[in-house]
Amino acid sequence: MAETVDVRKDGAPPSLEGRAEENLRFIRETMEKAGTFTDVSGWGTAAVGGTALAAAWLASRAQTFQGWLGVWLAEALLASLLGFSAMAWKSRRAGSSLLSHPGRRFALSLAPPLAAGAVLTAALARAGIPGPIPGVWLILYGAGVTTAGAFSVRVVPAMGICFMALGAAALFTPPGWGNALLAAGFGGLHVVFGFWIARRYGG
C-alpha cells in the first residue's frame with residue numbers, strides 16, 4: 001500500500017480551502033480587535049440612576065459623615081452589580097461576549113480611574129476632609145467613562161464628559177452642595193443617558 005503523504009508538511013502550498021480558512025480567521029480577529037463595545041446597557045444605566053437617586057435621598061438624612069459615606073459605598077456596590085448584570089444580559093442577547101477584545105479594552109480603560117477614586121476616598125476620609133469627595137467621585141468616574149467610551153458608541157464618552165464637568169463644579173462649590181450634585185450626576189445623568197442608549201442602541 002502506498003504511503004499517504006501530507007503535502008503541506010513536505011513544503012507544498014496549502015490547499016485553497018486551508019488558505020481561505022486562514023484568511024477568514026485573520027479577518028475575524030482583525031474585526032474583533034477594531035470593533036466597538038456595544039454591550040453598555042441603557043436600561044441598566046437608567047436603573048443605576050434610579051438607585052442613585054434613592055441613595056442620595058437616604059444619604060441626605062444621615063446624621064454623620066460615616067453614615068453618609070456608608071450609604072454611597074453601598075450604592076456603589078449595588079450599581080456595579082446592576083451595571084455588570086445588565087451588560088451581561090445585553091451581551092448574551094446579542095450573541096457577543098463581555099470578554100471580547102473591545103470588552104476587555106473598555107474594562108481596562110474604566111478600571112484605573114475608579115481605583116484612583118477608591119484610594120483618594122480612603123485618604124480623604126482618613127484625613128477628615130470629606131468636602132472634595134463628591135467632586136472626586138464625579139470627575140474620576142467621568143474620566144473612566146470617557147476613556148472607556150472611546151471603545152464604545154459615541155453617547156458613552158459624551159456622558160463621561162458631562163460627569164467630569166459636574167465633578168469640576170462640585171470641587172468649586174460649597175461642600176453642602178455635594179450630595180445634590182451626586183444625585184444630579186449618578187442619578188440624573190445615568191437616567192437621561194440610559195434612556196438615550198436604550199432607545200438608540202438596542203436596550
# chains A, B, ... in the order shown; residues from 1 in each chain; ligands from 1
>>> residues_around(residues="Ala184 of chain A", least_positions_apart="4", cutoff="10 Å", atoms="only C-alpha atoms", output="MDAnalysis selection string")
chainID A and resid 49 52:53 56 163 166 178:180 188:191
>>> select_by_dssp(residues="segment 68-177 of chain A", states="alpha helix (DSSP H)", output="MDAnalysis selection string")
chainID A and resid 68:94 101:127 133:149 155:171
>>> closest_residue(among="A:Val48, A:Leu58, A:Met87, A:Phe65", to="Gly203 of chain A", atoms="only C-alpha atoms")
A:Met87
>>> residues_around(residues="segment 153-158 of chain A", least_positions_apart="3", cutoff="12 Å", atoms="only C-alpha atoms", output="MDAnalysis selection string")
chainID A and resid 35:42 45 102 106 109:110 141:150 161:165 189:190 192:202
>>> residues_around(residues="Trp72 of chain A", least_positions_apart="2", cutoff="9 Å", atoms="only C-alpha atoms", output="NGL selection string")
:A and (52 or 55-56 or 59 or 67-70 or 74-77)
>>> write_last_selection(atoms="C-alpha atoms", output="PDB file, in the first residue's frame")
ATOM      1  CA  ALA A  52     -28.510  56.572  42.955  1.00  0.00           C
ATOM      2  CA  ALA A  55     -29.199  56.691  47.744  1.00  0.00           C
ATOM      3  CA  ALA A  56     -28.960  60.479  47.550  1.00  0.00           C
ATOM      4  CA  ALA A  59     -27.632  59.968  52.401  1.00  0.00           C
ATOM      5  CA  GLY A  67     -23.423  57.231  57.724  1.00  0.00           C
ATOM      6  CA  TRP A  68     -23.432  59.327  54.551  1.00  0.00           C
ATOM      7  CA  LEU A  69     -20.357  57.557  53.229  1.00  0.00           C
ATOM      8  CA  GLY A  70     -21.793  54.141  54.059  1.00  0.00           C
ATOM      9  CA  ALA A  74     -23.425  50.568  49.380  1.00  0.00           C
ATOM     10  CA  GLU A  75     -24.841  52.310  46.323  1.00  0.00           C
ATOM     11  CA  ALA A  76     -21.522  51.905  44.502  1.00  0.00           C
ATOM     12  CA  LEU A  77     -21.603  48.162  45.144  1.00  0.00           C
TER      13      LEU A  77
END
>>> closest_residue(among="A:Ser152, A:Pro112, A:Val136, A:Gly187", to="Ala169 of chain A", atoms="only C-alpha atoms")
A:Val136
